$ cat target.pdb   # PDB, C-alpha atoms and all ligand atoms
MODEL        1
ATOM      1  CA  MET V   1      88.187 117.544 134.097
ATOM      2  CA  ARG V   2      86.357 114.451 132.947
ATOM      3  CA  GLU V   3      83.829 112.788 135.299
ATOM      4  CA  ILE V   4      84.762 109.337 136.569
ATOM      5  CA  ASP V   5      81.857 107.087 137.519
ATOM      6  CA  SER V   6      81.111 103.406 138.028
ATOM      7  CA  GLY V   7      80.911 102.949 134.262
ATOM      8  CA  THR V   8      84.408 104.363 133.609
ATOM      9  CA  GLU V   9      86.632 101.743 132.035
ATOM     10  CA  LEU V  10      90.234 101.417 133.152
ATOM     11  CA  TYR V  11      93.137 101.133 130.682
ATOM     12  CA  GLY V  12      96.789 101.493 131.523
ATOM     13  CA  LEU V  13     100.484 100.982 131.029
ATOM     14  CA  ILE V  14     102.502  98.576 133.143
ATOM     15  CA  GLY V  15     106.238  99.191 133.353
ATOM     16  CA  SER V  16     108.958 100.175 135.770
ATOM     17  CA  GLY V  17     110.543 103.648 135.871
ATOM     18  CA  ILE V  18     107.881 105.161 133.603
ATOM     19  CA  ALA V  19     107.443 108.554 135.279
ATOM     20  CA  TYR V  20     107.977 110.415 131.991
ATOM     21  CA  THR V  21     105.815 108.257 129.741
ATOM     22  CA  LEU V  22     103.675 110.050 127.149
ATOM     23  CA  SER V  23     101.219 107.150 126.831
ATOM     24  CA  PRO V  24      98.622 108.530 129.318
ATOM     25  CA  ALA V  25      98.607 111.900 127.507
ATOM     26  CA  ILE V  26      98.100 110.185 124.142
ATOM     27  CA  HIS V  27      95.435 107.674 125.194
ATOM     28  CA  ASN V  28      93.445 110.016 127.465
ATOM     29  CA  TYR V  29      93.389 112.607 124.666
ATOM     30  CA  VAL V  30      92.034 110.051 122.183
ATOM     31  CA  PHE V  31      89.467 108.781 124.729
ATOM     32  CA  GLU V  32      88.239 112.316 125.166
ATOM     33  CA  LYS V  33      88.077 113.013 121.434
ATOM     34  CA  LEU V  34      86.141 109.790 120.858
ATOM     35  CA  ASN V  35      83.872 110.473 123.818
ATOM     36  CA  ARG V  36      84.737 107.265 125.636
ATOM     37  CA  ASN V  37      84.016 106.826 129.316
ATOM     38  CA  ALA V  38      87.518 105.503 129.969
ATOM     39  CA  ILE V  39      90.772 106.548 131.622
ATOM     40  CA  TYR V  40      94.362 105.453 131.037
ATOM     41  CA  TYR V  41      96.676 105.201 134.037
ATOM     42  CA  PRO V  42     100.463 104.580 134.221
ATOM     43  CA  PHE V  43     101.139 101.685 136.621
ATOM     44  CA  ASP V  44     104.765 102.131 137.641
ATOM     45  CA  ILE V  45     105.413  98.734 139.228
ATOM     46  CA  PRO V  46     108.802  97.887 140.765
ATOM     47  CA  VAL V  47     110.207  94.561 139.623
ATOM     48  CA  GLU V  48     109.810  92.945 143.058
ATOM     49  CA  LYS V  49     106.054  93.722 142.975
ATOM     50  CA  PHE V  50     105.383  92.604 139.390
ATOM     51  CA  GLU V  51     104.376  89.039 140.218
ATOM     52  CA  LYS V  52     101.939  90.198 142.893
ATOM     53  CA  THR V  53     100.373  92.881 140.706
ATOM     54  CA  VAL V  54     100.240  91.689 137.112
ATOM     55  CA  GLY V  55      97.336  89.232 137.503
ATOM     56  CA  ALA V  56      95.132  91.843 139.180
ATOM     57  CA  LEU V  57      95.892  94.477 136.528
ATOM     58  CA  LEU V  58      95.153  92.051 133.718
ATOM     59  CA  GLU V  59      91.873  91.248 135.468
ATOM     60  CA  ILE V  60      90.624  94.782 136.136
ATOM     61  CA  CYS V  61      91.939  96.677 133.112
ATOM     62  CA  LYS V  62      89.939  96.562 129.890
ATOM     63  CA  GLY V  63      93.208  96.923 127.994
ATOM     64  CA  LEU V  64      96.868  97.260 128.921
ATOM     65  CA  ASN V  65     100.100  98.403 127.364
ATOM     66  CA  VAL V  66     103.302  96.812 128.575
ATOM     67  CA  THR V  67     106.745  98.372 128.553
ATOM     68  CA  ILE V  68     110.287  97.878 129.849
ATOM     69  CA  PRO V  69     111.085  95.590 131.620
ATOM     70  CA  TYR V  70     107.923  93.473 131.320
ATOM     71  CA  LYS V  71     107.370  92.948 127.573
ATOM     72  CA  GLU V  72     108.605  89.349 127.727
ATOM     73  CA  VAL V  73     107.851  88.321 131.315
ATOM     74  CA  VAL V  74     104.170  89.193 130.889
ATOM     75  CA  ILE V  75     103.711  86.426 128.293
ATOM     76  CA  PRO V  76     103.087  83.481 130.721
ATOM     77  CA  TYR V  77     100.190  85.469 132.270
ATOM     78  CA  LEU V  78      98.339  85.733 128.930
ATOM     79  CA  SER V  79      96.009  83.206 127.326
ATOM     80  CA  SER V  80      97.306  83.689 123.775
ATOM     81  CA  LEU V  81      99.508  85.766 121.476
ATOM     82  CA  ASP V  82      98.619  87.093 118.071
ATOM     83  CA  GLU V  83     101.123  86.599 115.259
ATOM     84  CA  THR V  84     102.844  89.976 115.806
ATOM     85  CA  ALA V  85     103.734  89.188 119.438
ATOM     86  CA  GLU V  86     104.622  85.626 118.474
ATOM     87  CA  LYS V  87     107.051  86.842 115.801
ATOM     88  CA  VAL V  88     108.814  89.422 117.949
ATOM     89  CA  GLY V  89     108.666  87.352 121.137
ATOM     90  CA  ALA V  90     107.425  90.358 123.122
ATOM     91  CA  VAL V  91     104.087  91.946 124.020
ATOM     92  CA  ASN V  92     103.334  95.645 124.345
ATOM     93  CA  THR V  93      99.540  95.545 124.129
ATOM     94  CA  VAL V  94      97.000  93.286 125.813
ATOM     95  CA  ASP V  95      93.345  92.940 124.908
ATOM     96  CA  ARG V  96      91.248  90.391 126.816
ATOM     97  CA  LEU V  97      94.347  88.416 127.835
ATOM     98  CA  LYS V  98      95.626  88.249 124.267
ATOM     99  CA  GLY V  99      99.072  89.758 123.619
ATOM    100  CA  TYR V 100     100.015  91.891 120.606
ATOM    101  CA  ASN V 101     103.100  93.819 119.505
ATOM    102  CA  THR V 102     102.025  97.202 118.163
ATOM    103  CA  ASP V 103     105.655  98.455 118.058
ATOM    104  CA  TYR V 104     106.141  96.003 115.199
ATOM    105  CA  ILE V 105     102.806  96.898 113.559
ATOM    106  CA  ALA V 106     103.583 100.650 113.743
ATOM    107  CA  LEU V 107     107.179 100.275 112.551
ATOM    108  CA  ARG V 108     106.109  98.175 109.612
ATOM    109  CA  LYS V 109     103.419 100.658 108.635
ATOM    110  CA  LEU V 110     105.702 103.707 108.917
ATOM    111  CA  ALA V 111     108.630 102.017 107.176
ATOM    112  CA  SER V 112     106.431 100.803 104.328
ATOM    113  CA  ARG V 113     106.202 104.435 103.115
ATOM    114  CA  TYR V 114     109.829 103.966 102.052
ATOM    115  CA  ARG V 115     109.535 100.555 100.455
ATOM    116  CA  ASP V 116     111.460 101.750  97.398
ATOM    117  CA  ILE V 117     114.496 102.481  99.603
ATOM    118  CA  ILE V 118     114.133  99.348 101.742
ATOM    119  CA  GLU V 119     113.755  96.806  98.931
ATOM    120  CA  ASN V 120     117.142  95.175  98.225
ATOM    121  CA  SER V 121     118.863  97.407 100.772
ATOM    122  CA  THR V 122     121.436  96.718 103.456
ATOM    123  CA  CYS V 123     120.004  97.779 106.824
ATOM    124  CA  TYR V 124     122.194  98.478 109.816
ATOM    125  CA  ILE V 125     120.351  98.064 113.096
ATOM    126  CA  PHE V 126     122.035  99.399 116.231
ATOM    127  CA  GLY V 127     120.672  97.596 119.298
ATOM    128  CA  ALA V 128     119.486  94.044 119.893
ATOM    129  CA  GLY V 129     116.588  94.484 122.318
ATOM    130  CA  GLY V 130     112.846  94.258 121.750
ATOM    131  CA  ALA V 131     112.595  97.366 119.572
ATOM    132  CA  ALA V 132     115.536  96.246 117.416
ATOM    133  CA  LYS V 133     113.875  92.873 116.794
ATOM    134  CA  ALA V 134     110.546  94.482 115.900
ATOM    135  CA  VAL V 135     112.154  96.823 113.373
ATOM    136  CA  ALA V 136     114.434  94.131 111.920
ATOM    137  CA  ILE V 137     111.482  91.830 111.240
ATOM    138  CA  ALA V 138     109.476  94.678 109.704
ATOM    139  CA  LEU V 139     112.390  95.660 107.425
ATOM    140  CA  GLY V 140     113.044  92.033 106.494
ATOM    141  CA  GLU V 141     109.406  91.600 105.517
ATOM    142  CA  LEU V 142     109.533  94.812 103.476
ATOM    143  CA  GLY V 143     112.230  93.265 101.309
ATOM    144  CA  CYS V 144     115.572  94.454 102.654
ATOM    145  CA  ARG V 145     118.323  92.201 101.339
ATOM    146  CA  GLU V 146     120.650  92.148 104.291
ATOM    147  CA  ILE V 147     120.241  92.996 107.987
ATOM    148  CA  VAL V 148     123.386  93.842 109.951
ATOM    149  CA  VAL V 149     122.990  93.946 113.747
ATOM    150  CA  VAL V 150     125.439  95.988 115.832
ATOM    151  CA  ASN V 151     125.139  95.843 119.602
ATOM    152  CA  ARG V 152     127.211  96.821 122.630
ATOM    153  CA  THR V 153     126.850  93.288 123.999
ATOM    154  CA  GLN V 154     127.949  90.926 121.233
ATOM    155  CA  ARG V 155     126.097  87.883 122.625
ATOM    156  CA  ARG V 156     122.720  89.614 122.255
ATOM    157  CA  ALA V 157     123.528  90.556 118.649
ATOM    158  CA  VAL V 158     124.417  86.915 117.924
ATOM    159  CA  ASN V 159     121.108  85.721 119.434
ATOM    160  CA  MET V 160     119.126  88.257 117.451
ATOM    161  CA  VAL V 161     120.864  87.314 114.200
ATOM    162  CA  GLN V 162     120.113  83.654 114.890
ATOM    163  CA  LYS V 163     116.438  84.460 115.439
ATOM    164  CA  LEU V 164     116.313  86.460 112.186
ATOM    165  CA  ARG V 165     118.013  83.654 110.254
ATOM    166  CA  ASN V 166     115.538  81.145 111.704
ATOM    167  CA  MET V 167     112.798  83.357 110.284
ATOM    168  CA  GLY V 168     114.423  83.172 106.853
ATOM    169  CA  PHE V 169     116.094  86.601 106.778
ATOM    170  CA  ASN V 170     119.656  87.258 105.644
ATOM    171  CA  ALA V 171     121.256  88.612 108.823
ATOM    172  CA  GLU V 172     124.736  88.991 110.262
ATOM    173  CA  VAL V 173     126.511  90.556 113.218
ATOM    174  CA  GLY V 174     128.408  93.755 112.415
ATOM    175  CA  ASP V 175     130.549  96.217 114.282
ATOM    176  CA  ARG V 176     130.692 100.003 114.541
ATOM    177  CA  ASP V 177     133.964 100.397 112.667
ATOM    178  CA  TYR V 178     133.192  98.683 109.421
ATOM    179  CA  GLU V 179     130.272  99.303 107.125
ATOM    180  CA  LYS V 180     130.406  97.792 103.673
ATOM    181  CA  ARG V 181     127.126  99.207 102.400
ATOM    182  CA  CYS V 182     124.435 100.902 104.412
ATOM    183  CA  ASN V 183     121.185 102.143 102.883
ATOM    184  CA  VAL V 184     118.946 102.136 105.933
ATOM    185  CA  VAL V 185     120.127 102.916 109.448
ATOM    186  CA  VAL V 186     118.151 102.266 112.627
ATOM    187  CA  ASN V 187     118.900 103.394 116.154
ATOM    188  CA  ALA V 188     117.174 101.017 118.597
ATOM    189  CA  THR V 189     119.326 101.966 121.591
ATOM    190  CA  PRO V 190     118.801 104.878 124.012
ATOM    191  CA  ASN V 191     122.019 106.426 122.643
ATOM    192  CA  PRO V 192     121.808 107.912 119.096
ATOM    193  CA  ASP V 193     125.565 108.673 119.188
ATOM    194  CA  PHE V 194     126.172 104.928 119.154
ATOM    195  CA  VAL V 195     125.452 105.094 115.396
ATOM    196  CA  PRO V 196     128.719 106.031 113.604
ATOM    197  CA  ASP V 197     128.900 108.851 111.040
ATOM    198  CA  THR V 198     130.232 106.509 108.354
ATOM    199  CA  CYS V 199     126.942 104.620 108.396
ATOM    200  CA  VAL V 200     124.659 107.675 108.580
ATOM    201  CA  GLU V 201     126.426 109.411 105.684
ATOM    202  CA  LYS V 202     125.609 106.571 103.278
ATOM    203  CA  SER V 203     122.000 106.015 104.365
ATOM    204  CA  ARG V 204     118.909 107.039 102.414
ATOM    205  CA  LEU V 205     116.559 106.302 105.320
ATOM    206  CA  ALA V 206     117.094 106.702 109.079
ATOM    207  CA  ILE V 207     114.725 105.206 111.640
ATOM    208  CA  GLU V 208     115.157 106.609 115.146
ATOM    209  CA  LEU V 209     113.416 104.983 118.134
ATOM    210  CA  VAL V 210     114.399 107.663 120.664
ATOM    211  CA  TYR V 211     111.739 110.379 120.933
ATOM    212  CA  ARG V 212     113.200 112.798 123.510
ATOM    213  CA  PRO V 213     114.450 115.035 122.070
ATOM    214  CA  ILE V 214     112.673 114.457 118.755
ATOM    215  CA  GLU V 215     115.639 115.764 116.804
ATOM    216  CA  THR V 216     118.372 113.439 118.034
ATOM    217  CA  SER V 217     121.965 113.542 116.817
ATOM    218  CA  LEU V 218     121.116 110.693 114.427
ATOM    219  CA  ILE V 219     118.252 112.656 112.900
ATOM    220  CA  ARG V 220     120.378 115.791 112.555
ATOM    221  CA  ARG V 221     123.148 113.858 110.836
ATOM    222  CA  ALA V 222     120.723 111.944 108.587
ATOM    223  CA  LEU V 223     118.931 115.118 107.473
ATOM    224  CA  LYS V 224     122.294 116.678 106.659
ATOM    225  CA  ALA V 225     123.063 113.651 104.496
ATOM    226  CA  GLY V 226     119.725 114.107 102.685
ATOM    227  CA  ALA V 227     118.096 110.963 104.085
ATOM    228  CA  LYS V 228     114.402 110.345 104.754
ATOM    229  CA  ILE V 229     113.445 110.061 108.407
ATOM    230  CA  VAL V 230     111.062 108.100 110.628
ATOM    231  CA  ASN V 231     111.295 109.676 114.078
ATOM    232  CA  GLY V 232     110.688 108.167 117.510
ATOM    233  CA  LEU V 233     107.650 110.298 118.272
ATOM    234  CA  GLU V 234     105.825 109.128 115.139
ATOM    235  CA  ILE V 235     106.602 105.543 116.173
ATOM    236  CA  LEU V 236     105.382 106.139 119.737
ATOM    237  CA  VAL V 237     102.093 107.685 118.647
ATOM    238  CA  ALA V 238     101.575 105.140 115.868
ATOM    239  CA  GLN V 239     102.008 102.196 118.269
ATOM    240  CA  ALA V 240      99.546 103.802 120.712
ATOM    241  CA  LEU V 241      96.969 104.273 117.950
ATOM    242  CA  GLU V 242      97.450 100.664 116.831
ATOM    243  CA  ALA V 243      96.625  99.654 120.427
ATOM    244  CA  GLN V 244      93.450 101.787 120.291
ATOM    245  CA  LYS V 245      92.569 100.033 117.054
ATOM    246  CA  ILE V 246      92.921  96.627 118.723
ATOM    247  CA  TRP V 247      90.843  97.715 121.740
ATOM    248  CA  PHE V 248      88.069  99.554 119.856
ATOM    249  CA  GLY V 249      88.422  98.751 116.167
ATOM    250  CA  VAL V 250      88.714 102.474 115.376
ATOM    251  CA  GLU V 251      91.482 104.312 113.493
ATOM    252  CA  TYR V 252      92.446 107.740 114.837
ATOM    253  CA  PRO V 253      94.563 110.226 112.807
ATOM    254  CA  ILE V 254      98.192 110.384 113.935
ATOM    255  CA  ASP V 255      98.625 114.037 112.891
ATOM    256  CA  ASP V 256      95.937 115.197 115.296
ATOM    257  CA  VAL V 257      97.693 113.512 118.251
ATOM    258  CA  LEU V 258     101.076 114.929 117.180
ATOM    259  CA  ARG V 259      99.576 118.440 116.993
ATOM    260  CA  TYR V 260      98.095 118.010 120.479
ATOM    261  CA  LEU V 261     101.418 116.866 121.985
ATOM    262  CA  TYR V 262     103.248 119.839 120.452
ATOM    263  CA  ALA V 263     100.529 122.285 121.530
ATOM    264  CA  ARG V 264     100.687 120.981 125.116
ATOM    265  CA  LYS V 265     104.510 121.286 124.959
ATOM    266  CA  LEU V 266     104.779 117.639 125.982
ATOM    267  CA  VAL V 267     107.382 117.022 123.291
ATOM    268  CA  TRP V 268     110.490 118.919 122.257
TER     269      TRP V 268
HETATM  270  N1  LIG V 301     109.479 105.422 119.974
HETATM  271  C1  LIG V 301     108.912 104.332 120.456
HETATM  272  O1  LIG V 301     107.700 104.121 120.384
HETATM  273  C2  LIG V 301     109.769 103.283 121.080
HETATM  274  C3  LIG V 301     109.294 101.963 121.187
HETATM  275  C4  LIG V 301     110.142 101.004 121.765
HETATM  276  C5  LIG V 301     111.390 101.388 122.201
HETATM  277  N2  LIG V 301     111.804 102.679 122.084
HETATM  278  C6  LIG V 301     113.148 103.101 122.505
HETATM  279  O2  LIG V 301     114.091 102.283 121.839
HETATM  280  C7  LIG V 301     115.208 102.023 122.688
HETATM  281  C8  LIG V 301     115.392 100.506 122.845
HETATM  282  O3  LIG V 301     114.241  99.972 123.455
HETATM  283  P1  LIG V 301     114.084  98.391 123.723
HETATM  284  O4  LIG V 301     112.690  98.181 124.137
HETATM  285  O5  LIG V 301     114.624  97.617 122.577
HETATM  286  O6  LIG V 301     115.051  98.221 124.998
HETATM  287  P2  LIG V 301     115.884  96.939 125.445
HETATM  288  O7  LIG V 301     115.195  95.686 125.053
HETATM  289  O8  LIG V 301     116.223  97.183 126.877
HETATM  290  O9  LIG V 301     117.248  97.062 124.572
HETATM  291  C9  LIG V 301     118.104  98.148 124.744
HETATM  292  C10 LIG V 301     119.180  98.094 123.669
HETATM  293  O10 LIG V 301     119.949  99.302 123.747
HETATM  294  C11 LIG V 301     121.327  98.979 123.970
HETATM  295  N3  LIG V 301     121.918 100.033 124.807
HETATM  296  C12 LIG V 301     121.502 100.437 126.036
HETATM  297  N4  LIG V 301     122.236 101.478 126.464
HETATM  298  C13 LIG V 301     123.157 101.718 125.486
HETATM  299  C14 LIG V 301     124.222 102.662 125.329
HETATM  300  N5  LIG V 301     124.469 103.581 126.268
HETATM  301  N6  LIG V 301     124.962 102.624 124.198
HETATM  302  C15 LIG V 301     124.704 101.708 123.237
HETATM  303  N7  LIG V 301     123.732 100.779 123.326
HETATM  304  C16 LIG V 301     122.966 100.786 124.433
HETATM  305  C17 LIG V 301     121.310  97.635 124.639
HETATM  306  O11 LIG V 301     122.559  97.037 124.442
HETATM  307  P3  LIG V 301     123.091  95.875 125.422
HETATM  308  O12 LIG V 301     122.491  94.603 124.901
HETATM  309  O13 LIG V 301     124.558  95.960 125.273
HETATM  310  O14 LIG V 301     122.613  96.205 126.807
HETATM  311  C18 LIG V 301     120.173  96.955 123.871
HETATM  312  O15 LIG V 301     120.584  96.522 122.610
HETATM  313  C19 LIG V 301     114.900 102.726 124.023
HETATM  314  O16 LIG V 301     115.523 103.980 124.029
HETATM  315  C20 LIG V 301     113.395 102.865 124.001
HETATM  316  O17 LIG V 301     112.944 103.970 124.761
HETATM  317  C21 LIG V 301     111.014 103.635 121.539
ENDMDL
END
$ encode --input "target.pdb" --output "structure tokens"
Amino acid sequence: MREIDSGTELYGLIGSGIAYTLSPAIHNYVFEKLNRNAIYYPFDIPVEKFEKTVGALLEICKGLNVTIPYKEVVIPYLSSLDETAEKVGAVNTVDRLKGYNTDYIALRKLASRYRDIIENSTCYIFGAGGAAKAVAIALGELGCREIVVVNRTQRRAVNMVQKLRNMGFNAEVGDRDYEKRCNVVVNATPNPDFVPDTCVEKSRLAIELVYRPIETSLIRRALKAGAKIVNGLEILVAQALEAQKIWFGVEYPIDDVLRYLYARKLVW
């Protein structure tokens, strides 16, 4: 057990319903490996207490991560946004009152390994929330030709497509029953079964945001179809390490954190 003293710096995650988050395990492990006198605490704040709490947490924490449902509502409490948070319109990392979006940074980095598949591709993105926007922008920037957004609530898909078009990307709203061409498939909903077989079967790359279990039904189907995979756990750890980079300017190897999470049986 690490000593806590008056010099221990406080970092944390602010969200609601975050009992099962892996972020404390990841960040506290990296702090320990890098010999930092710091701890990372999950602040599970109910929505009705957010307004009362957020200012104090921003004041006392050296760095914060932000998750559902606060990634957008935290913005008015910050002094500035970097270009990643500005682009996505959501913040998941705060450093000295400046907001960043390391989901986007991580997704772009991981997806760029498959640039050859993404360039000139048609990408189907299932979901129209914060994660969907981050991945759509990353894929658009990596040269995909066409982004098709499929969402349970049509209005949100329309809004997301509008945002993507305003950014200069070729985007349209799609539906689950009709796929003309699909080279890259992304699940950015909590439900991997929302992605239809017809789309998975044609894809050469599948990006899955869900990380529990690691092998979701989308990943199983995509592997069977011979596609490359970016899984939700890699994304989770990569976004955490991008936050560490913003806070400390240090890169930490993703494989070491993945090994630790498996060894501790924190992932399955
Ligand atoms: N691996 C990572 O590091 C990482 C990072 C960020 C997010 N995620 C995961 O990615 C997913 C989306 O996160 P988010 O931040 O974008 O959340 P969000 O902003 O709340 O958006 C959720 C999206 O999922 C859709 N959805 C919810 N339940 C659904 C269901 N049963 N069937 C089909 N669609 C459903 C919603 O559709 P409606 O608009 O119809 O409600 C919406 O498009 C979550 O599972 C989250 O845990 C993982």
$ closest_residue --input "target.pdb" --among "V:Lys62, V:Arg176, V:Arg113, V:Lys163" --to "ligand LIG 301 (chain V)" --atoms "all atoms listed in the file"
V:Arg176
$ residues_near_ligand --input "target.pdb" --ligand "ligand LIG 301 (chain V)" --cutoff "6 Å" --atoms "all atoms listed in the file" --output "list in words"
Asp103, Gly127, Ala128, Gly129, Gly130, Ala131, Ala132, Asn151, Arg152, Thr153, Arg156, Ala188, Thr189, Pro190, Asn191, Phe194, Leu209, Val210, Tyr211, Gly232, Leu233, Ile235 and Leu236 of chain V
$ resolve_selection --input "target.pdb" --expression "the PyMOL selection byres (((chain V and resi 16) around 6) and not hetatm)" --output "list in words"
Gly15, Gly17, Ile18, Asp44, Ile45 and Pro46 of chain V
$ residues_around --input "target.pdb" --residues "Tyr41 (chain V)" --least-positions-apart "2" --cutoff "10 Å" --atoms "all atoms listed in the file" --output "PDB file with C-alpha atoms, in the coordinates of the input"
ATOM      1  CA  LEU V  10      90.234 101.417 133.152  1.00  0.00           C
ATOM      2  CA  TYR V  11      93.137 101.133 130.682  1.00  0.00           C
ATOM      3  CA  GLY V  12      96.789 101.493 131.523  1.00  0.00           C
ATOM      4  CA  LEU V  13     100.484 100.982 131.029  1.00  0.00           C
ATOM      5  CA  ILE V  14     102.502  98.576 133.143  1.00  0.00           C
ATOM      6  CA  SER V  23     101.219 107.150 126.831  1.00  0.00           C
ATOM      7  CA  PRO V  24      98.622 108.530 129.318  1.00  0.00           C
ATOM      8  CA  ALA V  25      98.607 111.900 127.507  1.00  0.00           C
ATOM      9  CA  HIS V  27      95.435 107.674 125.194  1.00  0.00           C
ATOM     10  CA  ASN V  28      93.445 110.016 127.465  1.00  0.00           C
ATOM     11  CA  ILE V  39      90.772 106.548 131.622  1.00  0.00           C
ATOM     12  CA  PHE V  43     101.139 101.685 136.621  1.00  0.00           C
ATOM     13  CA  ASP V  44     104.765 102.131 137.641  1.00  0.00           C
ATOM     14  CA  CYS V  61      91.939  96.677 133.112  1.00  0.00           C
ATOM     15  CA  LEU V  64      96.868  97.260 128.921  1.00  0.00           C
TER      16      LEU V  64
END
$ closest_residue --input "target.pdb" --among "V:Ala136, V:Gln239, V:Ser121, V:Asn187" --to "Val66 (chain V)" --atoms "all atoms listed in the file"
V:Gln239
$ atom_distance --input "target.pdb" --atom1 "CA of Asp256 (chain V)" --atom2 "CA of Gln244 (chain V)"
14.5 Å
$ atom_distance --input "target.pdb" --atom1 "CA of Ile68 (chain V)" --atom2 "CA of Glu83 (chain V)"
20.6 Å
$ residues_around --input "target.pdb" --residues "region 143-147 of chain V" --least-positions-apart "3" --cutoff "12 Å" --atoms "only C-alpha atoms" --output "number ranges by chain"
V: 108, 111-112, 114-126, 128, 132-133, 135-140, 150, 157, 160-165, 168-174, 179-186
$ closest_residue --input "target.pdb" --among "V:Ile60, V:Leu22, V:Val88, V:Ala227" --to "Arg264 (chain V)" --atoms "all atoms listed in the file"
V:Leu22
$ atom_distance --input "target.pdb" --atom1 "CA of Gly249 (chain V)" --atom2 "CA of Leu58 (chain V)"
20.0 Å
$ resolve_selection --input "target.pdb" --expression "the PyMOL selection byres (((chain V and resi 37) around 12) and not hetatm)" --output "VMD selection string"
chain V and resid 2 to 11 28 to 36 38 to 40 62
$ closest_residue --input "target.pdb" --among "V:Ala238, V:Val74, V:Val200, V:Lys49" --to "Glu251 (chain V)" --atoms "all atoms listed in the file"
V:Ala238
$ residues_near_point --input "target.pdb" --point "(106.4, 89.6, 131.1)" --cutoff "12 Å" --atoms "all atoms listed in the file" --output "PyMOL selection string"
chain V and resi 14-16+47+50-51+53-55+58+65-78+85+89-94+99
$ closest_residue --input "target.pdb" --among "V:Lys245, V:Leu142, V:Cys199, V:Ile214" --to "Leu110 (chain V)" --atoms "all atoms listed in the file"
V:Leu142
